[in-house]
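Participant: Sending over a structure as structure tokens; questions will come in a sec.
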Amino acid sequence: MKRSLVLITITIAVLACAKKEAAPVQPKTPPPLPADVAKVSDAVTTTTATEAAPAGIASEAGGTIVATGEFVSPVRSELSAKLPGRVGRMYVDEGSLVTKGQPLLELETDYTRINLQRAEADSQRAAAAEADAERDLSRKKELIAKDSIPRATFDRSASAYDQAKAAHASAVAQASMYRQQLTDSVLRSPIDGVVAEKRTDIGQRLGDNTVTLVVVQTSPLKLRFRVPEKYLAQVHRGQDVKATVDPYPGQIFAGRVTVVGGVIDPATRSFTVETEFPNRDGKLRPGLFARVEMQ
């Protein structure tokens, strides 16, 4: 009996020790984070990844095709003076708004004006000589009709008149050429737009092909973007579009589709859409980034 009690007591003690060893270790509470680290930890948020459209291609949101693009000018003119010469006056600067026919710069014309004055004087002298030859020929016609002068005398008068008439015409043409040079010495804008680049200034000598100014059209403006191929049947010419730009928050600019590309790009499975915006108020400028929406 004593042995049995001792064995039972030892067994109970061993089991009790085993339970203590198998008990899970309770994790210790980590110490609080420093104040600066806690702020960063609180600012971290989780986001859910979504499938995005390839860069540069429109996406769809609630039945609306949304795209981004850059306004471009349909016309860009690099202007050169018709004549070589030295710049005498500049009427515009970079960024100036211009209208069709507006003077942009003028070449020095001192010598051209002097040549014009001389040509006009030569023209007047030639006109007087022509009139005198014509009167002489009229008298000779009366005399030759009466056989009062030889035929050779009449022929000389007729030849003198023809020469005087030709000299007058040449003097008139010379004067007209100098007038045209004065006109061509003024470079005028061929379009309504804005001066994008100014490449010359007063005193610079221009050659035959020297580009002096770059003028771009600002009304209308074009904007191109790409649309996934599945919308090909839903996009058509004349369709209304609207655009917003950062410089004018909340303001909507209306435009329309002018070109729908007929070729699908096999790499992006998309086609090109070109839109046009009237921009009558001139607020939009070439190069401005825009967000376009189209139903």
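Labeling convention for the structure tokens: chains A, B, ... as they appear, residues from 1 per chain, ligands from 1 in order of appearance.
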Can you pull out every residue from range 59-212 of chain A that DSSP, working from the backbone, puts in strand (DSSP E or B), and format the result as a PyMOL selection string?

Facilitator: chain A and resi 59-61+64-72+76-80+85-90+97-98+103-107+186-188+193-198+205-206+211-212

Participant: Could you find all residues in range 129-290 of chain A that DSSP calls alpha helix (DSSP H) from the backbone, and write them as a PDB file with C-alpha atoms, in the first residue's frame?

Facilitator:
ATOM      1  CA  ALA A 129       8.918 112.773-123.927  1.00  0.00           C
ATOM      2  CA  GLU A 130       6.179 110.384-125.016  1.00  0.00           C
ATOM      3  CA  ALA A 131       3.660 113.199-125.227  1.00  0.00           C
ATOM      4  CA  ASP A 132       6.054 115.310-127.313  1.00  0.00           C
ATOM      5  CA  ALA A 133       6.745 112.395-129.669  1.00  0.00           C
ATOM      6  CA  GLU A 134       3.028 111.761-130.022  1.00  0.00           C
ATOM      7  CA  ARG A 135       2.365 115.396-131.010  1.00  0.00           C
ATOM      8  CA  ASP A 136       5.202 115.261-133.517  1.00  0.00           C
ATOM      9  CA  LEU A 137       3.832 112.072-135.011  1.00  0.00           C
ATOM     10  CA  SER A 138       0.373 113.631-135.331  1.00  0.00           C
ATOM     11  CA  ARG A 139       1.830 116.567-137.321  1.00  0.00           C
ATOM     12  CA  LYS A 140       3.782 114.199-139.541  1.00  0.00           C
ATOM     13  CA  LYS A 141       0.607 112.216-140.242  1.00  0.00           C
ATOM     14  CA  GLU A 142      -1.069 115.383-141.565  1.00  0.00           C
ATOM     15  CA  LEU A 143       1.944 116.233-143.699  1.00  0.00           C
ATOM     16  CA  ILE A 144       2.383 112.731-145.097  1.00  0.00           C
ATOM     17  CA  ALA A 145      -1.266 112.742-146.079  1.00  0.00           C
ATOM     18  CA  ARG A 151       8.068 108.788-146.072  1.00  0.00           C
ATOM     19  CA  ALA A 152      11.378 108.375-144.267  1.00  0.00           C
ATOM     20  CA  THR A 153      10.704 111.470-142.141  1.00  0.00           C
ATOM     21  CA  PHE A 154       7.348 110.079-141.082  1.00  0.00           C
ATOM     22  CA  ASP A 155       8.903 106.717-140.224  1.00  0.00           C
ATOM     23  CA  ARG A 156      11.507 108.390-138.031  1.00  0.00           C
ATOM     24  CA  SER A 157       8.780 110.227-136.106  1.00  0.00           C
ATOM     25  CA  ALA A 158       6.818 107.014-135.674  1.00  0.00           C
ATOM     26  CA  SER A 159       9.929 105.199-134.424  1.00  0.00           C
ATOM     27  CA  ALA A 160      10.717 108.048-132.012  1.00  0.00           C
ATOM     28  CA  TYR A 161       7.204 107.857-130.631  1.00  0.00           C
ATOM     29  CA  ASP A 162       7.450 104.100-130.110  1.00  0.00           C
ATOM     30  CA  GLN A 163      10.755 104.510-128.286  1.00  0.00           C
ATOM     31  CA  ALA A 164       9.378 107.270-126.069  1.00  0.00           C
ATOM     32  CA  LYS A 165       6.336 105.142-125.254  1.00  0.00           C
ATOM     33  CA  ALA A 166       8.538 102.167-124.335  1.00  0.00           C
ATOM     34  CA  ALA A 167      10.815 104.359-122.205  1.00  0.00           C
ATOM     35  CA  HIS A 168       7.796 105.670-120.327  1.00  0.00           C
ATOM     36  CA  ALA A 169       6.506 102.160-119.691  1.00  0.00           C
ATOM     37  CA  SER A 170       9.950 101.102-118.428  1.00  0.00           C
ATOM     38  CA  ALA A 171      10.128 104.055-116.045  1.00  0.00           C
ATOM     39  CA  VAL A 172       6.650 103.275-114.724  1.00  0.00           C
ATOM     40  CA  ALA A 173       7.646  99.629-114.175  1.00  0.00           C
ATOM     41  CA  GLN A 174      10.787 100.695-112.335  1.00  0.00           C
ATOM     42  CA  ALA A 175       8.785 102.929-110.017  1.00  0.00           C
ATOM     43  CA  SER A 176       6.268 100.111-109.448  1.00  0.00           C
ATOM     44  CA  MET A 177       9.104  97.750-108.511  1.00  0.00           C
ATOM     45  CA  TYR A 178      10.373 100.122-105.814  1.00  0.00           C
ATOM     46  CA  ARG A 179       6.837 100.587-104.490  1.00  0.00           C
ATOM     47  CA  GLN A 180       6.531  96.818-104.248  1.00  0.00           C
ATOM     48  CA  GLN A 181       9.827  96.653-102.395  1.00  0.00           C
ATOM     49  CA  LEU A 182       8.481  99.139 -99.876  1.00  0.00           C
ATOM     50  CA  THR A 183       5.411  96.960 -99.461  1.00  0.00           C
ATOM     51  CA  ASP A 184       7.487  93.791 -99.110  1.00  0.00           C
TER      52      ASP A 184
END

Participant: If we count only C-alpha atoms, what is near Ala81 in chain A at a cut-off of 8 Å, once residues fewer than 2 positions away on the same chain are taken out, given as a ChimeraX atom specification?

Facilitator: /A:79,83-84,184-187,206,208-212

Participant: Let's have the selection written as an mmCIF file, in the first residue's frame, with N, CA and C atoms.

Facilitator:
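Contents of out-v8.cif, freshly written:
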data_model
loop_
_atom_site.group_PDB
_atom_site.id
_atom_site.type_symbol
_atom_site.label_atom_id
_atom_site.label_comp_id
_atom_site.auth_asym_id
_atom_site.auth_seq_id
_atom_site.Cartn_x
_atom_site.Cartn_y
_atom_site.Cartn_z
ATOM 1 N N LEU A 79 7.884 82.565 -90.572
ATOM 2 C CA LEU A 79 7.836 83.719 -91.457
ATOM 3 C C LEU A 79 9.240 84.226 -91.781
ATOM 4 N N LEU A 83 12.460 90.161 -98.786
ATOM 5 C CA LEU A 83 13.692 90.793 -99.258
ATOM 6 C C LEU A 83 14.762 90.714 -98.185
ATOM 7 N N PRO A 84 16.022 90.586 -98.552
ATOM 8 C CA PRO A 84 17.092 90.697 -97.558
ATOM 9 C C PRO A 84 17.227 92.143 -97.102
ATOM 10 N N ASP A 184 6.910 95.048 -99.582
ATOM 11 C CA ASP A 184 7.487 93.791 -99.110
ATOM 12 C C ASP A 184 8.431 93.975 -97.937
ATOM 13 N N SER A 185 8.841 95.201 -97.666
ATOM 14 C CA SER A 185 9.728 95.435 -96.527
ATOM 15 C C SER A 185 8.983 95.305 -95.200
ATOM 16 N N VAL A 186 7.657 95.275 -95.262
ATOM 17 C CA VAL A 186 6.840 95.094 -94.061
ATOM 18 C C VAL A 186 6.362 93.649 -94.032
ATOM 19 N N LEU A 187 6.757 92.903 -93.008
ATOM 20 C CA LEU A 187 6.323 91.514 -92.839
ATOM 21 C C LEU A 187 5.011 91.502 -92.073
ATOM 22 N N LEU A 206 18.942 90.350 -92.250
ATOM 23 C CA LEU A 206 18.242 89.129 -92.635
ATOM 24 C C LEU A 206 18.685 88.686 -94.020
ATOM 25 N N ASP A 208 17.974 85.749 -97.338
ATOM 26 C CA ASP A 208 16.806 85.403 -98.146
ATOM 27 C C ASP A 208 15.872 84.435 -97.424
ATOM 28 N N ASN A 209 16.417 83.508 -96.637
ATOM 29 C CA ASN A 209 15.597 82.469 -96.001
ATOM 30 C C ASN A 209 15.666 82.516 -94.480
ATOM 31 N N THR A 210 15.964 83.680 -93.931
ATOM 32 C CA THR A 210 16.054 83.798 -92.474
ATOM 33 C C THR A 210 14.664 83.796 -91.856
ATOM 34 N N VAL A 211 14.416 82.838 -90.957
ATOM 35 C CA VAL A 211 13.132 82.801 -90.249
ATOM 36 C C VAL A 211 13.173 83.834 -89.132
ATOM 37 N N THR A 212 12.248 84.763 -89.190
ATOM 38 C CA THR A 212 12.238 85.860 -88.217
ATOM 39 C C THR A 212 11.256 85.622 -87.069
#

Participant: Between CA of Arg89 in chain A and CA of Ile202 in chain A, what is the distance in Å, rounded to a tenth?

Facilitator: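 Taking CA of Arg89 in chain A as the start and CA of Ile202 in chain A as the end point, the length is 5.9 Å.
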
Participant: Which of these, A:Pro190, A:Pro220, A:Gly238, A:Gly63, has the shortest distance to Pro103 in chain A once you count only C-alpha atoms?

Facilitator: A:Pro190

Participant: List the neighbours of Phe71 in chain A out to 8 Å using only C-alpha atoms; skip same-chain residues closer than 6 positions along the sequence, and give me the result as a list in words.

Facilitator: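 The filter keeps Leu221, Lys222, Leu223, Arg224, Leu284, Arg285, Pro286, Gly287, Leu288, Phe289 and Ala290 of chain A.
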
Participant: Go ahead and write the selection's residues with C-alpha atoms as a PDB file, in the first residue's frame.

Facilitator:
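Wrote it out as again.pdb, contents follow:
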ATOM      1  CA  LEU A 221      -7.393  74.476 -81.905  1.00  0.00           C
ATOM      2  CA  LYS A 222      -7.149  70.712 -82.303  1.00  0.00           C
ATOM      3  CA  LEU A 223      -6.782  67.962 -79.744  1.00  0.00           C
ATOM      4  CA  ARG A 224      -5.992  64.305 -80.518  1.00  0.00           C
ATOM      5  CA  LEU A 284      -6.986  78.105 -74.845  1.00  0.00           C
ATOM      6  CA  ARG A 285      -3.397  78.052 -76.076  1.00  0.00           C
ATOM      7  CA  PRO A 286      -1.355  75.506 -78.044  1.00  0.00           C
ATOM      8  CA  GLY A 287       0.478  73.149 -75.718  1.00  0.00           C
ATOM      9  CA  LEU A 288      -2.146  73.384 -72.952  1.00  0.00           C
ATOM     10  CA  PHE A 289      -2.948  70.049 -71.272  1.00  0.00           C
ATOM     11  CA  ALA A 290      -6.651  69.139 -71.285  1.00  0.00           C
TER      12      ALA A 290
END

Participant: Got a sec: who's within 12 Å of range 263-276 of chain A, counting only C-alpha atoms, leaving out chain neighbours fewer than 2 positions off, as a ChimeraX atom specification?

Facilitator: /A:53-59,65,67-74,218-243,253-261,278-280,284,290,292-294

Participant: Next, dump the selected residues to file, keeping only C-alpha atoms, as an mmCIF file, in the first residue's frame.

Facilitator:
data_model
loop_
_atom_site.group_PDB
_atom_site.id
_atom_site.type_symbol
_atom_site.label_atom_id
_atom_site.label_comp_id
_atom_site.auth_asym_id
_atom_site.auth_seq_id
_atom_site.Cartn_x
_atom_site.Cartn_y
_atom_site.Cartn_z
ATOM 1 C CA ALA A 53 -5.943 51.850 -69.380
ATOM 2 C CA PRO A 54 -2.617 52.001 -71.203
ATOM 3 C CA ALA A 55 -0.942 55.395 -71.154
ATOM 4 C CA GLY A 56 -2.362 57.833 -73.689
ATOM 5 C CA ILE A 57 -5.544 55.817 -74.341
ATOM 6 C CA ALA A 58 -9.012 56.902 -73.257
ATOM 7 C CA SER A 59 -10.846 55.047 -70.490
ATOM 8 C CA ILE A 65 -15.140 58.198 -72.503
ATOM 9 C CA ALA A 67 -9.171 61.069 -72.308
ATOM 10 C CA THR A 68 -6.309 63.470 -71.902
ATOM 11 C CA GLY A 69 -4.344 65.307 -74.532
ATOM 12 C CA GLU A 70 -2.563 68.460 -75.538
ATOM 13 C CA PHE A 71 -3.996 71.269 -77.638
ATOM 14 C CA VAL A 72 -2.133 71.793 -80.900
ATOM 15 C CA SER A 73 -2.382 74.484 -83.539
ATOM 16 C CA PRO A 74 -3.626 73.402 -86.992
ATOM 17 C CA THR A 218 -5.107 79.755 -81.972
ATOM 18 C CA SER A 219 -8.652 79.627 -83.325
ATOM 19 C CA PRO A 220 -9.624 76.890 -83.804
ATOM 20 C CA LEU A 221 -7.393 74.476 -81.905
ATOM 21 C CA LYS A 222 -7.149 70.712 -82.303
ATOM 22 C CA LEU A 223 -6.782 67.962 -79.744
ATOM 23 C CA ARG A 224 -5.992 64.305 -80.518
ATOM 24 C CA PHE A 225 -6.346 61.209 -78.339
ATOM 25 C CA ARG A 226 -6.748 57.443 -78.738
ATOM 26 C CA VAL A 227 -9.876 55.430 -77.975
ATOM 27 C CA PRO A 228 -10.146 51.625 -77.473
ATOM 28 C CA GLU A 229 -11.372 49.755 -80.549
ATOM 29 C CA LYS A 230 -14.602 48.591 -78.888
ATOM 30 C CA TYR A 231 -15.937 52.180 -79.139
ATOM 31 C CA LEU A 232 -15.339 52.485 -82.896
ATOM 32 C CA ALA A 233 -19.045 52.194 -83.753
ATOM 33 C CA GLN A 234 -19.987 54.775 -81.110
ATOM 34 C CA VAL A 235 -17.652 57.601 -82.159
ATOM 35 C CA HIS A 236 -18.544 59.672 -85.228
ATOM 36 C CA ARG A 237 -17.771 63.012 -86.854
ATOM 37 C CA GLY A 238 -19.670 65.964 -85.414
ATOM 38 C CA GLN A 239 -20.027 64.333 -82.011
ATOM 39 C CA ASP A 240 -19.899 66.802 -79.124
ATOM 40 C CA VAL A 241 -17.011 66.743 -76.684
ATOM 41 C CA LYS A 242 -16.129 68.873 -73.709
ATOM 42 C CA ALA A 243 -12.783 69.692 -72.176
ATOM 43 C CA PHE A 253 -14.981 74.227 -73.297
ATOM 44 C CA ALA A 254 -17.147 72.744 -76.039
ATOM 45 C CA GLY A 255 -15.770 71.081 -79.147
ATOM 46 C CA ARG A 256 -16.627 68.437 -81.712
ATOM 47 C CA VAL A 257 -15.106 65.393 -83.349
ATOM 48 C CA THR A 258 -13.631 66.155 -86.777
ATOM 49 C CA VAL A 259 -11.649 63.016 -87.630
ATOM 50 C CA VAL A 260 -12.171 59.382 -86.638
ATOM 51 C CA GLY A 261 -9.147 57.261 -87.476
ATOM 52 C CA PRO A 278 -13.443 77.032 -81.699
ATOM 53 C CA ASN A 279 -11.570 78.973 -78.965
ATOM 54 C CA ARG A 280 -13.181 82.244 -80.018
ATOM 55 C CA LEU A 284 -6.986 78.105 -74.845
ATOM 56 C CA ALA A 290 -6.651 69.139 -71.285
ATOM 57 C CA VAL A 292 -11.662 65.520 -72.538
ATOM 58 C CA GLU A 293 -14.997 63.793 -71.963
ATOM 59 C CA MET A 294 -17.234 62.276 -74.641
#

Participant: Given only C-alpha atoms as the basis, pick out the residue of A:Asp246, A:Glu197, A:Glu108, A:Asp281 nearest to Gly95 in chain A.

Facilitator: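 Of the candidates, the smallest distance to Gly95 in chain A is held by A:Glu197.
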
Participant: So what do you get for CA of Leu104 in chain A versus CA of Val215 in chain A, distance-wise?

Facilitator: 10.2 Å

Participant: Just want the 7 Å neighbourhood of Asp192 in chain A, counted on only C-alpha atoms, with same-chain residues fewer than 2 positions away dropped. Output as a VMD selection string.

Facilitator: chain A and resid 98 to 100 217
